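Structure file model23.txt (compact mmCIF, N, CA and C atoms) is printed below.
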# COMPACT_ATOMS: atom_id res chain seq x y z
N MET I 1 6.87 -19.36 -146.91
CA MET I 1 7.98 -19.51 -146.01
C MET I 1 8.19 -21.00 -145.74
N PHE I 2 9.45 -21.40 -145.65
CA PHE I 2 9.79 -22.79 -145.38
C PHE I 2 10.40 -22.92 -144.00
N GLY I 3 10.20 -24.09 -143.40
CA GLY I 3 10.77 -24.38 -142.10
C GLY I 3 11.00 -25.87 -141.96
N VAL I 4 11.51 -26.26 -140.81
CA VAL I 4 11.83 -27.67 -140.54
C VAL I 4 11.05 -28.12 -139.32
N ALA I 5 10.57 -29.36 -139.35
CA ALA I 5 9.90 -29.97 -138.20
C ALA I 5 10.44 -31.39 -138.06
N GLU I 6 10.26 -31.99 -136.90
CA GLU I 6 10.71 -33.36 -136.66
C GLU I 6 9.52 -34.22 -136.29
N VAL I 7 9.48 -35.44 -136.83
CA VAL I 7 8.41 -36.39 -136.55
C VAL I 7 8.72 -37.10 -135.24
N THR I 8 7.70 -37.18 -134.38
CA THR I 8 7.81 -37.95 -133.14
C THR I 8 6.63 -38.90 -133.13
N GLY I 9 6.89 -40.17 -133.06
CA GLY I 9 5.82 -41.16 -133.01
C GLY I 9 5.67 -41.92 -134.31
N LEU I 10 4.66 -42.80 -134.33
CA LEU I 10 4.51 -43.75 -135.43
C LEU I 10 3.21 -43.59 -136.21
N SER I 11 2.46 -42.53 -135.98
CA SER I 11 1.14 -42.41 -136.60
C SER I 11 1.18 -42.24 -138.12
N MET I 12 2.32 -41.83 -138.68
CA MET I 12 2.40 -41.61 -140.12
C MET I 12 3.24 -42.66 -140.85
N VAL I 13 3.60 -43.75 -140.16
CA VAL I 13 4.32 -44.86 -140.80
C VAL I 13 3.37 -45.50 -141.80
N PRO I 14 3.75 -45.83 -142.99
CA PRO I 14 5.09 -45.91 -143.54
C PRO I 14 5.57 -44.64 -144.25
N THR I 15 4.70 -43.64 -144.40
CA THR I 15 5.09 -42.42 -145.11
C THR I 15 6.22 -41.70 -144.40
N LEU I 16 6.10 -41.55 -143.08
CA LEU I 16 7.10 -40.86 -142.26
C LEU I 16 7.47 -41.75 -141.09
N LEU I 17 8.75 -41.72 -140.74
CA LEU I 17 9.23 -42.53 -139.62
C LEU I 17 9.59 -41.62 -138.45
N HIS I 18 9.59 -42.21 -137.25
CA HIS I 18 10.01 -41.49 -136.05
C HIS I 18 11.40 -40.89 -136.28
N ARG I 19 11.55 -39.62 -135.95
CA ARG I 19 12.79 -38.85 -136.06
C ARG I 19 13.09 -38.35 -137.47
N ASP I 20 12.21 -38.59 -138.45
CA ASP I 20 12.39 -37.96 -139.76
C ASP I 20 12.33 -36.45 -139.59
N GLN I 21 13.11 -35.75 -140.37
CA GLN I 21 13.06 -34.29 -140.42
C GLN I 21 12.21 -33.92 -141.62
N LEU I 22 11.40 -32.88 -141.49
CA LEU I 22 10.49 -32.49 -142.55
C LEU I 22 10.77 -31.08 -143.05
N LEU I 23 10.69 -30.91 -144.34
CA LEU I 23 10.72 -29.58 -144.93
C LEU I 23 9.25 -29.16 -145.09
N VAL I 24 8.85 -28.11 -144.37
CA VAL I 24 7.45 -27.68 -144.33
C VAL I 24 7.30 -26.35 -145.06
N HIS I 25 6.32 -26.29 -145.94
CA HIS I 25 6.00 -25.06 -146.67
C HIS I 25 4.81 -24.42 -145.94
N TYR I 26 5.13 -23.47 -145.07
CA TYR I 26 4.09 -22.80 -144.28
C TYR I 26 3.30 -21.86 -145.17
N GLY I 27 1.98 -21.90 -145.03
CA GLY I 27 1.10 -21.05 -145.82
C GLY I 27 0.82 -21.55 -147.22
N ALA I 28 1.26 -22.77 -147.54
CA ALA I 28 1.04 -23.33 -148.87
C ALA I 28 -0.44 -23.64 -149.09
N ALA I 29 -0.84 -23.67 -150.35
CA ALA I 29 -2.20 -24.10 -150.69
C ALA I 29 -2.33 -25.58 -150.32
N LEU I 30 -3.47 -25.95 -149.78
CA LEU I 30 -3.68 -27.31 -149.30
C LEU I 30 -4.81 -27.98 -150.07
N ARG I 31 -4.63 -29.29 -150.31
CA ARG I 31 -5.64 -30.09 -150.99
C ARG I 31 -5.78 -31.42 -150.26
N PRO I 32 -6.91 -32.09 -150.40
CA PRO I 32 -7.04 -33.42 -149.81
C PRO I 32 -5.93 -34.33 -150.30
N GLY I 33 -5.38 -35.11 -149.39
CA GLY I 33 -4.29 -36.03 -149.69
C GLY I 33 -2.93 -35.50 -149.27
N ASP I 34 -2.81 -34.19 -149.06
CA ASP I 34 -1.54 -33.61 -148.63
C ASP I 34 -1.22 -34.01 -147.19
N VAL I 35 0.06 -34.12 -146.88
CA VAL I 35 0.52 -34.29 -145.51
C VAL I 35 0.81 -32.89 -144.98
N ALA I 36 0.30 -32.60 -143.78
CA ALA I 36 0.39 -31.24 -143.26
C ALA I 36 0.83 -31.23 -141.80
N VAL I 37 1.41 -30.10 -141.40
CA VAL I 37 1.72 -29.82 -140.00
C VAL I 37 0.60 -28.93 -139.48
N LEU I 38 0.06 -29.28 -138.33
CA LEU I 38 -1.04 -28.53 -137.76
C LEU I 38 -0.96 -28.49 -136.25
N ARG I 39 -1.67 -27.55 -135.68
CA ARG I 39 -1.78 -27.49 -134.23
C ARG I 39 -2.86 -28.47 -133.79
N HIS I 40 -2.57 -29.23 -132.74
CA HIS I 40 -3.56 -30.15 -132.19
C HIS I 40 -4.75 -29.31 -131.72
N PRO I 41 -5.97 -29.63 -132.13
CA PRO I 41 -7.11 -28.78 -131.79
C PRO I 41 -7.44 -28.73 -130.29
N LEU I 42 -7.03 -29.72 -129.53
CA LEU I 42 -7.32 -29.74 -128.10
C LEU I 42 -6.13 -29.31 -127.25
N GLN I 43 -4.97 -29.24 -127.86
CA GLN I 43 -3.74 -28.86 -127.16
C GLN I 43 -2.89 -28.05 -128.15
N GLN I 44 -3.22 -26.80 -128.33
CA GLN I 44 -2.70 -26.02 -129.45
C GLN I 44 -1.22 -25.68 -129.36
N ASP I 45 -0.56 -25.97 -128.24
CA ASP I 45 0.88 -25.78 -128.19
C ASP I 45 1.62 -27.01 -128.75
N LEU I 46 0.86 -28.04 -129.14
CA LEU I 46 1.43 -29.27 -129.69
C LEU I 46 1.22 -29.29 -131.20
N LEU I 47 2.32 -29.46 -131.96
CA LEU I 47 2.21 -29.61 -133.41
C LEU I 47 2.13 -31.08 -133.76
N ILE I 48 1.28 -31.42 -134.71
CA ILE I 48 1.14 -32.80 -135.17
C ILE I 48 1.23 -32.83 -136.69
N VAL I 49 1.52 -34.02 -137.22
CA VAL I 49 1.63 -34.22 -138.67
C VAL I 49 0.58 -35.26 -139.05
N LYS I 50 -0.29 -34.89 -139.97
CA LYS I 50 -1.36 -35.78 -140.41
C LYS I 50 -1.62 -35.57 -141.90
N ARG I 51 -2.37 -36.52 -142.47
CA ARG I 51 -2.78 -36.39 -143.87
C ARG I 51 -4.16 -35.73 -143.90
N LEU I 52 -4.33 -34.76 -144.79
CA LEU I 52 -5.61 -34.08 -144.95
C LEU I 52 -6.52 -34.98 -145.78
N ALA I 53 -7.56 -35.50 -145.16
CA ALA I 53 -8.44 -36.44 -145.85
C ALA I 53 -9.48 -35.72 -146.69
N GLU I 54 -10.19 -34.76 -146.06
CA GLU I 54 -11.18 -34.01 -146.82
C GLU I 54 -11.52 -32.72 -146.10
N ARG I 55 -12.02 -31.78 -146.87
CA ARG I 55 -12.45 -30.48 -146.34
C ARG I 55 -13.91 -30.59 -145.94
N ARG I 56 -14.24 -30.15 -144.73
CA ARG I 56 -15.62 -30.15 -144.25
C ARG I 56 -15.98 -28.75 -143.80
N ASP I 57 -17.26 -28.55 -143.48
CA ASP I 57 -17.70 -27.22 -143.03
C ASP I 57 -16.92 -26.76 -141.81
N ALA I 58 -16.61 -27.67 -140.89
CA ALA I 58 -15.92 -27.31 -139.64
C ALA I 58 -14.40 -27.24 -139.80
N GLY I 59 -13.87 -27.61 -140.95
CA GLY I 59 -12.42 -27.59 -141.17
C GLY I 59 -11.95 -28.83 -141.90
N TRP I 60 -10.73 -29.25 -141.62
CA TRP I 60 -10.12 -30.41 -142.29
C TRP I 60 -10.30 -31.67 -141.46
N TRP I 61 -10.69 -32.76 -142.11
CA TRP I 61 -10.70 -34.08 -141.50
C TRP I 61 -9.32 -34.66 -141.75
N VAL I 62 -8.58 -34.99 -140.68
CA VAL I 62 -7.19 -35.44 -140.82
C VAL I 62 -7.06 -36.85 -140.28
N LEU I 63 -6.17 -37.62 -140.92
CA LEU I 63 -5.94 -39.01 -140.53
C LEU I 63 -4.45 -39.32 -140.53
N GLY I 64 -4.05 -40.23 -139.65
CA GLY I 64 -2.70 -40.78 -139.70
C GLY I 64 -2.64 -41.87 -140.75
N ASP I 65 -1.46 -42.18 -141.25
CA ASP I 65 -1.31 -43.21 -142.28
C ASP I 65 -1.18 -44.62 -141.70
N ASN I 66 -0.89 -44.73 -140.40
CA ASN I 66 -0.62 -46.02 -139.78
C ASN I 66 -1.88 -46.55 -139.10
N PRO I 67 -2.51 -47.58 -139.68
CA PRO I 67 -3.75 -48.10 -139.08
C PRO I 67 -3.53 -48.80 -137.74
N ASP I 68 -2.29 -49.18 -137.43
CA ASP I 68 -2.01 -49.87 -136.18
C ASP I 68 -1.63 -48.94 -135.03
N ALA I 69 -1.45 -47.65 -135.32
CA ALA I 69 -1.05 -46.69 -134.29
C ALA I 69 -2.27 -46.24 -133.48
N GLU I 70 -1.99 -45.71 -132.31
CA GLU I 70 -3.04 -45.15 -131.48
C GLU I 70 -3.77 -44.05 -132.26
N VAL I 71 -5.07 -43.97 -132.11
CA VAL I 71 -5.87 -43.00 -132.85
C VAL I 71 -5.70 -41.61 -132.24
N VAL I 72 -4.93 -40.78 -132.94
CA VAL I 72 -4.75 -39.37 -132.56
C VAL I 72 -4.96 -38.56 -133.83
N ASP I 73 -6.21 -38.57 -134.28
CA ASP I 73 -6.55 -37.82 -135.49
C ASP I 73 -8.02 -37.42 -135.40
N SER I 74 -8.63 -37.09 -136.49
CA SER I 74 -10.01 -36.59 -136.47
C SER I 74 -11.01 -37.60 -135.93
N ARG I 75 -10.67 -38.87 -135.94
CA ARG I 75 -11.57 -39.86 -135.35
C ARG I 75 -11.66 -39.66 -133.84
N ALA I 76 -10.65 -39.04 -133.25
CA ALA I 76 -10.65 -38.77 -131.81
C ALA I 76 -11.11 -37.35 -131.48
N PHE I 77 -10.73 -36.35 -132.31
CA PHE I 77 -11.01 -34.96 -131.96
C PHE I 77 -11.84 -34.19 -132.99
N GLY I 78 -12.29 -34.84 -134.03
CA GLY I 78 -13.14 -34.18 -135.02
C GLY I 78 -12.35 -33.37 -136.03
N ALA I 79 -13.06 -32.58 -136.79
CA ALA I 79 -12.44 -31.75 -137.83
C ALA I 79 -11.56 -30.68 -137.19
N VAL I 80 -10.47 -30.35 -137.88
CA VAL I 80 -9.52 -29.34 -137.41
C VAL I 80 -9.81 -28.03 -138.13
N PRO I 81 -10.06 -26.95 -137.38
CA PRO I 81 -10.30 -25.66 -138.04
C PRO I 81 -9.14 -25.29 -138.97
N ALA I 82 -9.48 -24.70 -140.11
CA ALA I 82 -8.47 -24.38 -141.13
C ALA I 82 -7.34 -23.52 -140.59
N GLU I 83 -7.63 -22.63 -139.65
CA GLU I 83 -6.58 -21.75 -139.12
C GLU I 83 -5.53 -22.50 -138.30
N LEU I 84 -5.81 -23.75 -137.92
CA LEU I 84 -4.83 -24.54 -137.18
C LEU I 84 -3.92 -25.36 -138.08
N VAL I 85 -4.24 -25.43 -139.38
CA VAL I 85 -3.38 -26.13 -140.35
C VAL I 85 -2.33 -25.12 -140.82
N LEU I 86 -1.07 -25.41 -140.48
CA LEU I 86 0.00 -24.43 -140.68
C LEU I 86 0.72 -24.53 -142.01
N GLY I 87 0.93 -25.74 -142.50
CA GLY I 87 1.69 -25.86 -143.73
C GLY I 87 1.71 -27.26 -144.28
N ARG I 88 2.15 -27.36 -145.52
CA ARG I 88 2.23 -28.63 -146.24
C ARG I 88 3.65 -29.18 -146.16
N VAL I 89 3.76 -30.48 -145.91
CA VAL I 89 5.06 -31.15 -145.88
C VAL I 89 5.48 -31.42 -147.32
N ARG I 90 6.64 -30.90 -147.69
CA ARG I 90 7.14 -31.06 -149.07
C ARG I 90 8.13 -32.21 -149.20
N ALA I 91 8.95 -32.43 -148.15
CA ALA I 91 9.97 -33.49 -148.22
C ALA I 91 10.31 -33.95 -146.82
N ARG I 92 10.87 -35.14 -146.76
CA ARG I 92 11.39 -35.64 -145.49
C ARG I 92 12.82 -36.06 -145.71
N TYR I 93 13.60 -35.96 -144.65
CA TYR I 93 14.96 -36.46 -144.72
C TYR I 93 15.34 -37.05 -143.38
N ARG I 94 16.19 -38.04 -143.45
CA ARG I 94 16.67 -38.67 -142.22
C ARG I 94 17.99 -38.03 -141.86
N PRO I 95 18.18 -37.73 -140.57
CA PRO I 95 19.43 -37.07 -140.15
C PRO I 95 20.65 -37.94 -140.47
N VAL I 96 21.77 -37.29 -140.73
CA VAL I 96 23.03 -38.00 -140.90
C VAL I 96 23.39 -38.58 -139.55
N ARG I 97 23.78 -39.84 -139.53
CA ARG I 97 24.15 -40.50 -138.27
C ARG I 97 25.34 -39.80 -137.62
N ALA I 98 25.26 -39.67 -136.33
CA ALA I 98 26.35 -39.04 -135.57
C ALA I 98 27.64 -39.82 -135.77
N GLY I 99 28.74 -39.11 -135.88
CA GLY I 99 30.05 -39.74 -136.01
C GLY I 99 30.46 -40.06 -137.43
N ARG I 100 29.59 -39.89 -138.40
CA ARG I 100 29.96 -40.16 -139.79
C ARG I 100 30.71 -38.98 -140.37
N GLN I 101 31.67 -39.31 -141.20
CA GLN I 101 32.42 -38.25 -141.88
C GLN I 101 31.49 -37.47 -142.79
N ARG I 102 31.86 -36.23 -143.03
CA ARG I 102 31.06 -35.38 -143.90
C ARG I 102 31.75 -35.19 -145.25
N SER I 103 32.31 -36.25 -145.79
CA SER I 103 32.96 -36.15 -147.10
C SER I 103 31.90 -35.98 -148.18
N VAL I 104 32.32 -35.58 -149.36
CA VAL I 104 31.40 -35.39 -150.48
C VAL I 104 30.67 -36.69 -150.79
N GLY I 105 31.38 -37.79 -150.79
CA GLY I 105 30.76 -39.09 -151.09
C GLY I 105 29.69 -39.47 -150.08
N VAL I 106 29.98 -39.24 -148.79
CA VAL I 106 29.01 -39.56 -147.75
C VAL I 106 27.78 -38.68 -147.88
N VAL I 107 27.99 -37.40 -148.13
CA VAL I 107 26.86 -36.47 -148.27
C VAL I 107 26.02 -36.84 -149.49
N LEU I 108 26.65 -37.15 -150.62
CA LEU I 108 25.90 -37.55 -151.81
C LEU I 108 25.12 -38.84 -151.59
N SER I 109 25.75 -39.80 -150.92
CA SER I 109 25.08 -41.05 -150.60
C SER I 109 23.86 -40.80 -149.72
N TRP I 110 24.04 -39.91 -148.73
CA TRP I 110 22.93 -39.56 -147.84
C TRP I 110 21.80 -38.88 -148.62
N LEU I 111 22.15 -37.96 -149.53
CA LEU I 111 21.13 -37.27 -150.32
C LEU I 111 20.29 -38.25 -151.13
N VAL I 112 20.94 -39.24 -151.73
CA VAL I 112 20.24 -40.21 -152.57
C VAL I 112 19.35 -41.13 -151.73
N SER I 113 19.82 -41.52 -150.55
CA SER I 113 19.08 -42.51 -149.77
C SER I 113 18.15 -41.91 -148.72
N ALA I 114 18.40 -40.72 -148.24
CA ALA I 114 17.67 -40.20 -147.08
C ALA I 114 16.68 -39.09 -147.39
N VAL I 115 16.79 -38.45 -148.53
CA VAL I 115 15.91 -37.33 -148.85
C VAL I 115 14.86 -37.79 -149.85
N ARG I 116 13.60 -37.60 -149.51
CA ARG I 116 12.51 -38.01 -150.39
C ARG I 116 11.39 -36.97 -150.35
N PRO I 117 10.75 -36.70 -151.48
CA PRO I 117 9.57 -35.83 -151.44
C PRO I 117 8.43 -36.55 -150.72
N VAL I 118 7.57 -35.82 -150.07
CA VAL I 118 6.37 -36.38 -149.45
C VAL I 118 5.22 -36.05 -150.39
N LEU I 119 4.71 -37.08 -151.02
CA LEU I 119 3.70 -36.89 -152.05
C LEU I 119 2.29 -36.96 -151.47
N ALA I 120 1.39 -36.27 -152.10
CA ALA I 120 -0.02 -36.31 -151.71
C ALA I 120 -0.60 -37.64 -152.14
N ASP I 121 -1.56 -38.12 -151.38
CA ASP I 121 -2.30 -39.33 -151.71
C ASP I 121 -3.72 -38.89 -152.05
N ARG I 122 -3.98 -38.68 -153.31
CA ARG I 122 -5.28 -38.15 -153.73
C ARG I 122 -6.42 -39.16 -153.53
N SER I 123 -6.11 -40.43 -153.28
CA SER I 123 -7.16 -41.43 -153.09
C SER I 123 -7.67 -41.45 -151.66
N VAL I 124 -7.05 -40.71 -150.74
CA VAL I 124 -7.44 -40.78 -149.34
C VAL I 124 -8.88 -40.34 -149.14
N SER I 125 -9.35 -39.35 -149.85
CA SER I 125 -10.73 -38.88 -149.71
C SER I 125 -11.70 -39.95 -150.19
N ARG I 126 -11.37 -40.64 -151.27
CA ARG I 126 -12.24 -41.72 -151.77
C ARG I 126 -12.27 -42.87 -150.77
N ARG I 127 -11.13 -43.20 -150.16
CA ARG I 127 -11.08 -44.29 -149.16
C ARG I 127 -11.92 -43.92 -147.95
N LEU I 128 -11.90 -42.66 -147.56
CA LEU I 128 -12.67 -42.21 -146.41
C LEU I 128 -14.16 -42.43 -146.65
N ARG I 129 -14.63 -42.09 -147.84
CA ARG I 129 -16.06 -42.26 -148.13
C ARG I 129 -16.44 -43.74 -148.25
N ALA I 130 -15.49 -44.61 -148.59
CA ALA I 130 -15.79 -46.02 -148.78
C ALA I 130 -15.93 -46.78 -147.46
N ARG I 131 -15.49 -46.18 -146.36
CA ARG I 131 -15.55 -46.88 -145.07
C ARG I 131 -16.94 -46.94 -144.53
Would you mind writing the file's structure down as structure tokens?
Amino acid sequence: MFGVAEVTGLSMVPTLLHRDQLLVHYGAALRPGDVAVLRHPLQQDLLIVKRLAERRDAGWWVLGDNPDAEVVDSRAFGAVPAELVLGRVRARYRPVRAGRQRSVGVVLSWLVSAVRPVLADRSVSRRLRAR
């Protein structure tokens, strides 16, 4: 099943920006390096977006991509149980600016510039072990 989520905050910059819209594949197979939507383990009514660094006995070790952002990932709350990881982010898109015409040219221009796949970073697990 697919759904949409919105990014709030800067923890995933440069991969994702504040207010990016995400296409989420709920129930997708997950691997280290994937960007995922998950329930915050300490506040389960809050959804967060993080990169899956590695699988551990207690669940997934998740990290934000922005080293300058406040630490709101596994370094603060530990491994996230697998049942709290909801889905894999497949693509991001930036909303069309309010007030812009919806002509074919504008929509095509937006598609080319604003829609991008969110790719897995398979080196994240190796970087984690190197620290």
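For Ala28 (chain I), the residues within 7 Å (counting only N, CA and C atoms, excluding itself and residues fewer than 6 positions away along the chain) are Met1, Leu86, Gly87 and Arg88 of chain I.
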Distance query Val62 (chain I) at most 5 Å, all atoms listed in the file, self and fewer than 5 positions along chain excluded, as a PDB file with N, CA and C atoms, in the coordinates of the input:
ATOM      1  N   ARG I  51      -2.370 -36.520-142.470  1.00  0.00           N
ATOM      2  CA  ARG I  51      -2.780 -36.390-143.870  1.00  0.00           C
ATOM      3  C   ARG I  51      -4.160 -35.730-143.900  1.00  0.00           C
ATOM      4  N   LEU I  52      -4.330 -34.760-144.790  1.00  0.00           N
ATOM      5  CA  LEU I  52      -5.610 -34.080-144.950  1.00  0.00           C
ATOM      6  C   LEU I  52      -6.520 -34.980-145.780  1.00  0.00           C
ATOM      7  N   ALA I  53      -7.560 -35.500-145.160  1.00  0.00           N
ATOM      8  CA  ALA I  53      -8.440 -36.440-145.850  1.00  0.00           C
ATOM      9  C   ALA I  53      -9.480 -35.720-146.690  1.00  0.00           C
ATOM     10  N   ASP I  73      -6.210 -38.570-134.280  1.00  0.00           N
ATOM     11  CA  ASP I  73      -6.550 -37.820-135.490  1.00  0.00           C
ATOM     12  C   ASP I  73      -8.020 -37.420-135.400  1.00  0.00           C
ATOM     13  N   SER I  74      -8.630 -37.090-136.490  1.00  0.00           N
ATOM     14  CA  SER I  74     -10.010 -36.590-136.470  1.00  0.00           C
ATOM     15  C   SER I  74     -11.010 -37.600-135.930  1.00  0.00           C
TER      16      SER I  74
END
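The closest residue to Ala5 (chain I), picked from I:Leu17, I:Pro95, I:Glu54, I:Val24 and counting all atoms listed in the file, is I:Val24.
Atom to atom, atom N of Leu108 (chain I) and atom C of Pro14 (chain I) stand 23.3 Å apart.
Candidate residues I:Val4, I:Val104, I:Leu84, I:Asp34 were compared for distance to Ser123 (chain I), and the nearest is I:Asp34, using only C-alpha atoms.
Across the structure, CA of Gly3 (chain I) and CA of Arg116 (chain I) are spaced 16.0 Å apart.
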Give me region 68-77 of chain I with all heavy atoms filled in, as an mmCIF file, in the coordinates of the input.
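Heads up, here's the output in rebuild-v1.cif:
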data_model
loop_
_atom_site.group_PDB
_atom_site.id
_atom_site.type_symbol
_atom_site.label_atom_id
_atom_site.label_comp_id
_atom_site.auth_asym_id
_atom_site.auth_seq_id
_atom_site.Cartn_x
_atom_site.Cartn_y
_atom_site.Cartn_z
ATOM 1 N N ASP I 68 -2.290 -49.180 -137.430
ATOM 2 C CA ASP I 68 -2.010 -49.870 -136.180
ATOM 3 C C ASP I 68 -1.630 -48.940 -135.030
ATOM 4 O O ASP I 68 -1.475 -49.378 -133.904
ATOM 5 C CB ASP I 68 -0.887 -50.891 -136.385
ATOM 6 C CG ASP I 68 -1.293 -51.974 -137.379
ATOM 7 O OD1 ASP I 68 -2.489 -52.346 -137.402
ATOM 8 O OD2 ASP I 68 -0.428 -52.428 -138.140
ATOM 9 N N ALA I 69 -1.450 -47.650 -135.320
ATOM 10 C CA ALA I 69 -1.050 -46.690 -134.290
ATOM 11 C C ALA I 69 -2.270 -46.240 -133.480
ATOM 12 O O ALA I 69 -3.413 -46.342 -133.930
ATOM 13 C CB ALA I 69 -0.369 -45.478 -134.930
ATOM 14 N N GLU I 70 -1.990 -45.710 -132.310
ATOM 15 C CA GLU I 70 -3.040 -45.150 -131.480
ATOM 16 C C GLU I 70 -3.770 -44.050 -132.260
ATOM 17 O O GLU I 70 -3.149 -43.282 -132.987
ATOM 18 C CB GLU I 70 -2.412 -44.555 -130.209
ATOM 19 C CG GLU I 70 -3.402 -43.937 -129.270
ATOM 20 C CD GLU I 70 -2.719 -43.333 -128.050
ATOM 21 O OE1 GLU I 70 -1.517 -43.541 -127.859
ATOM 22 O OE2 GLU I 70 -3.418 -42.647 -127.298
ATOM 23 N N VAL I 71 -5.070 -43.970 -132.110
ATOM 24 C CA VAL I 71 -5.870 -43.000 -132.850
ATOM 25 C C VAL I 71 -5.700 -41.610 -132.240
ATOM 26 O O VAL I 71 -6.201 -41.311 -131.168
ATOM 27 C CB VAL I 71 -7.361 -43.388 -132.872
ATOM 28 C CG1 VAL I 71 -8.183 -42.316 -133.566
ATOM 29 C CG2 VAL I 71 -7.549 -44.726 -133.548
ATOM 30 N N VAL I 72 -4.930 -40.780 -132.940
ATOM 31 C CA VAL I 72 -4.750 -39.370 -132.560
ATOM 32 C C VAL I 72 -4.960 -38.560 -133.830
ATOM 33 O O VAL I 72 -4.024 -38.014 -134.397
ATOM 34 C CB VAL I 72 -3.344 -39.114 -131.951
ATOM 35 C CG1 VAL I 72 -3.231 -37.669 -131.501
ATOM 36 C CG2 VAL I 72 -3.069 -40.057 -130.792
ATOM 37 N N ASP I 73 -6.210 -38.570 -134.280
ATOM 38 C CA ASP I 73 -6.550 -37.820 -135.490
ATOM 39 C C ASP I 73 -8.020 -37.420 -135.400
ATOM 40 O O ASP I 73 -8.587 -37.421 -134.302
ATOM 41 C CB ASP I 73 -6.209 -38.617 -136.756
ATOM 42 C CG ASP I 73 -6.877 -39.982 -136.840
ATOM 43 O OD1 ASP I 73 -7.952 -40.169 -136.237
ATOM 44 O OD2 ASP I 73 -6.337 -40.869 -137.528
ATOM 45 N N SER I 74 -8.630 -37.090 -136.490
ATOM 46 C CA SER I 74 -10.010 -36.590 -136.470
ATOM 47 C C SER I 74 -11.010 -37.600 -135.930
ATOM 48 O O SER I 74 -12.084 -37.215 -135.472
ATOM 49 C CB SER I 74 -10.426 -36.111 -137.858
ATOM 50 O OG SER I 74 -9.775 -34.901 -138.171
ATOM 51 N N ARG I 75 -10.670 -38.870 -135.940
ATOM 52 C CA ARG I 75 -11.570 -39.860 -135.350
ATOM 53 C C ARG I 75 -11.660 -39.660 -133.840
ATOM 54 O O ARG I 75 -12.657 -40.034 -133.230
ATOM 55 C CB ARG I 75 -11.103 -41.273 -135.681
ATOM 56 C CG ARG I 75 -11.195 -41.568 -137.187
ATOM 57 C CD ARG I 75 -10.562 -42.869 -137.535
ATOM 58 N NE ARG I 75 -9.104 -42.720 -137.381
ATOM 59 C CZ ARG I 75 -8.237 -43.701 -137.552
ATOM 60 N NH1 ARG I 75 -8.652 -44.910 -137.859
ATOM 61 N NH2 ARG I 75 -6.945 -43.483 -137.421
ATOM 62 N N ALA I 76 -10.650 -39.040 -133.250
ATOM 63 C CA ALA I 76 -10.650 -38.770 -131.810
ATOM 64 C C ALA I 76 -11.110 -37.350 -131.480
ATOM 65 O O ALA I 76 -11.790 -37.130 -130.495
ATOM 66 C CB ALA I 76 -9.247 -39.009 -131.237
ATOM 67 N N PHE I 77 -10.730 -36.350 -132.310
ATOM 68 C CA PHE I 77 -11.010 -34.960 -131.960
ATOM 69 C C PHE I 77 -11.840 -34.190 -132.990
ATOM 70 O O PHE I 77 -12.084 -33.009 -132.833
ATOM 71 C CB PHE I 77 -9.730 -34.179 -131.647
ATOM 72 C CG PHE I 77 -8.621 -34.323 -132.654
ATOM 73 C CD1 PHE I 77 -8.709 -33.771 -133.925
ATOM 74 C CD2 PHE I 77 -7.466 -35.003 -132.303
ATOM 75 C CE1 PHE I 77 -7.674 -33.903 -134.837
ATOM 76 C CE2 PHE I 77 -6.416 -35.133 -133.202
ATOM 77 C CZ PHE I 77 -6.529 -34.583 -134.484
#
